[in-house]
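S.K.: Mind having a look at this structure? Questions to follow.
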Amino acid sequence: MRHVTGWNRALLLLAAAWTLSCGGSSPTAPTQQSTTPSVVIPSAVTVSGQLSFATAGGTSQLTAKATYADGSSRDVTSGCTWQSSNVAIVTVSQTGLLTARGAGTTWITATYDGRAGYAAAAVRALDLPAEIPLVPALLVGSWRNVDPATGGITQADVRADSGAFAVRLWGACLPTACDWGEETTPFSDGDDGLLSITWRWSFAVSSVEIRLLKDGRLEVWCHTHFTDTSGRQDYDFVDYLRKFE
C-alpha cells in the first residue's frame, strides 16, 4: 500500500483545485443591470387659454404646461388626455380645442404622465336676459342653485336694507357650504338689469354680476382674482339659481 506523504497530499489538493477552476464547472455569467429609464412624474400640470365665454358657440385653443421638481417646464398640450366634466356646457378635443356649447360652469382636465391639471370653463346665457330693472319685488328672497352638485354658488339671499340690496352668498365647500358674508349695493345699481358687487378676502377678490333671466332664473357670474402668493390662476364661473319659496 502506498502512503501519501504530506508533500504528495499537497500536490493532490492543488491538482483538484486546478481541475475545478479550469474544467470542472462552467463560469457564472455576470448579472445584467436593467436599463429601463424611470418615468419622471410632473409636480404640476397647468391649463391656460380662454375659459370664459359670453355665449355658446365660441372656441379656444387651450395649452397645458408640465412643471417638474427641478423647476423646469415644457409644453405638453399634444401629449395630454383632455376631458370635460360636462359636454353640454363645453367640449374639448384631444388637441386641447375647447368649444362652448351651453350656459353653465364645468371643469376641464388635462392629464399628463399621471398628473392632472384642472381649469374651470364658464359660458353665460346672454341670449336670455330679462332686460328689466332689478327692483326689490323681483330680487328679495332666497335663491337656490338649480344644480345641487355645483362647485360654485349654492345659495343667494337678497333683502332690502335702507335703499340698498343686501346680498349674501354661499359657495360650495365640504362638509357644508361656505358663507361668503353679506355685501350691499344701492337699488339704483339694478336700473340697467345688472347688479355688480365685490367680495374681498385676505387671499382673493371676487367680482360678482347678478342678472335676472327671462325664464325666472337668477344668473350669478363671478370672477375670482387671487391676491396672495400661492400662484393660483384667476378663474370665472357662472351659476343659475331659482327663488326658493
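To be explicit about the labels: the chains of the C-alpha cells are called A, B, and onward in the order shown, and within each one the residues are counted from 1, while ligands get numbers from 1 in the order they are shown.
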Would you mind writing down, as a VMD selection string, each residue of stretch 74-192 of chain A that DSSP on the backbone assigns to strand (DSSP E)?

M.R.: chain A and resid 74 to 75 81 to 84 90 to 92 97 to 100 104 to 112 115 to 123 141 to 145 153 to 160 164 to 171 178 to 186

S.K.: Using the selection just defined, write its residues with C-alpha atoms as a compact mmCIF listing (two decimals), in the first residue's frame.

M.R.:
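Final file, part-v4.txt:
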```txt
# COMPACT_ATOMS: atom_id res chain seq x y z
CA ARG A 74 -42.38 72.23 -21.00
CA ASP A 75 -45.45 72.41 -23.22
CA THR A 81 -55.53 63.43 -22.30
CA TRP A 82 -58.20 66.16 -22.31
CA GLN A 83 -61.64 65.84 -20.74
CA SER A 84 -64.71 67.99 -19.99
CA VAL A 90 -68.16 72.75 -23.16
CA THR A 91 -66.38 70.09 -25.15
CA VAL A 92 -62.63 69.73 -25.58
CA LEU A 97 -59.55 72.82 -28.64
CA LEU A 98 -62.42 73.93 -26.40
CA THR A 99 -65.92 74.70 -27.74
CA ALA A 100 -68.65 76.46 -25.71
CA GLY A 104 -73.03 76.93 -17.06
CA THR A 105 -69.69 76.10 -15.49
CA THR A 106 -67.72 72.87 -15.71
CA TRP A 107 -64.18 71.58 -15.25
CA ILE A 108 -61.59 70.85 -17.90
CA THR A 109 -58.97 68.21 -17.04
CA ALA A 110 -55.61 67.74 -18.76
CA THR A 111 -53.70 64.62 -17.66
CA TYR A 112 -50.04 64.00 -18.50
CA ARG A 115 -50.52 64.17 -13.18
CA ALA A 116 -53.77 66.11 -13.78
CA GLY A 117 -54.34 69.84 -14.18
CA TYR A 118 -57.75 71.47 -13.83
CA ALA A 119 -59.41 74.68 -15.03
CA ALA A 120 -62.98 76.00 -14.74
CA ALA A 121 -64.76 76.85 -18.01
CA ALA A 122 -67.80 79.14 -17.89
CA VAL A 123 -70.43 80.02 -20.52
CA GLY A 141 -85.87 86.30 -1.27
CA SER A 142 -83.78 83.13 -1.01
CA TRP A 143 -82.37 81.62 -4.20
CA ARG A 144 -81.02 78.07 -4.59
CA ASN A 145 -78.79 76.66 -7.33
CA ILE A 153 -72.60 79.42 -5.63
CA THR A 154 -75.07 77.18 -3.83
CA GLN A 155 -77.39 79.86 -2.39
CA ALA A 156 -78.06 83.61 -2.55
CA ASP A 157 -80.18 85.51 -0.04
CA VAL A 158 -81.30 89.01 -1.04
CA ARG A 159 -83.01 91.52 1.26
CA ALA A 160 -83.84 95.23 1.12
CA ALA A 164 -79.90 99.06 -0.93
CA PHE A 165 -79.82 95.40 -1.88
CA ALA A 166 -78.07 93.31 0.79
CA VAL A 167 -76.79 90.14 -0.88
CA ARG A 168 -75.40 87.14 0.99
CA LEU A 169 -73.80 84.28 -0.94
CA TRP A 170 -72.80 80.73 -0.05
CA GLY A 171 -70.19 78.79 -2.01
CA CYS A 178 -69.09 78.37 2.91
CA ASP A 179 -70.76 81.61 3.96
CA TRP A 180 -69.28 84.45 1.87
CA GLY A 181 -70.87 87.07 4.07
CA GLU A 182 -73.16 89.95 3.08
CA GLU A 183 -72.37 92.90 0.78
CA THR A 184 -74.63 95.78 -0.24
CA THR A 185 -75.25 97.85 -3.35
CA PRO A 186 -77.80 100.69 -3.95
```

S.K.: Please run DSSP on the backbone and report, as a list in words, all residues within stretch 90-180 of chain A that come out as alpha helix (DSSP H).

M.R.: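 Residues of stretch 90-180 of chain A classed as alpha helix (DSSP H): Pro136, Ala137, Leu138 and Leu139 of chain A.
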
S.K.: Given the selection you just returned, output its residues as a file containing C-alpha atoms, formatted as a short mmCIF file (atom, residue, chain, number, x, y, z; two decimals), in the first residue's frame.

M.R.:
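What ended up in selection-v3.cif:
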```cif
data_model
loop_
_atom_site.label_atom_id
_atom_site.label_comp_id
_atom_site.auth_asym_id
_atom_site.auth_seq_id
_atom_site.Cartn_x
_atom_site.Cartn_y
_atom_site.Cartn_z
CA PRO A 136 -86.76 94.57 -4.61
CA ALA A 137 -90.03 92.92 -5.59
CA LEU A 138 -88.10 90.78 -8.10
CA LEU A 139 -84.92 90.03 -6.20
#
```

S.K.: Just give me the gap between atom CA of A:Tyr235 and atom CA of A:Val76 in Å, one decimal is fine.

M.R.: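 Calculated distance between atom CA of A:Tyr235 and atom CA of A:Val76 is 21.3 Å.
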
S.K.: Between A:Pro175, A:Thr95, A:Gly190, A:Phe203, which has the minimum distance to A:Ser60 (counting only C-alpha atoms)?

M.R.: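 Closest to A:Ser60, using only C-alpha atoms: A:Thr95.
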
S.K.: Name all residues at most 12 Å from A:Gly71 (count only C-alpha atoms; drop same-chain ones fewer than 6 positions away) and give them as an NGL selection string.

M.R.: :A and (42-44)

S.K.: Find the distance between atom CA of A:Ser207 and atom CA of A:Phe226 and write it in Å to one decimal.

M.R.: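 Between these atoms lies a distance of 11.5 Å.
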
S.K.: So which residues touch A:Thr77 within 7 Å, counting only C-alpha atoms, skipping near sequence neighbours fewer than 5 positions away, as number ranges by chain?

M.R.: A: 63-65, 95-96
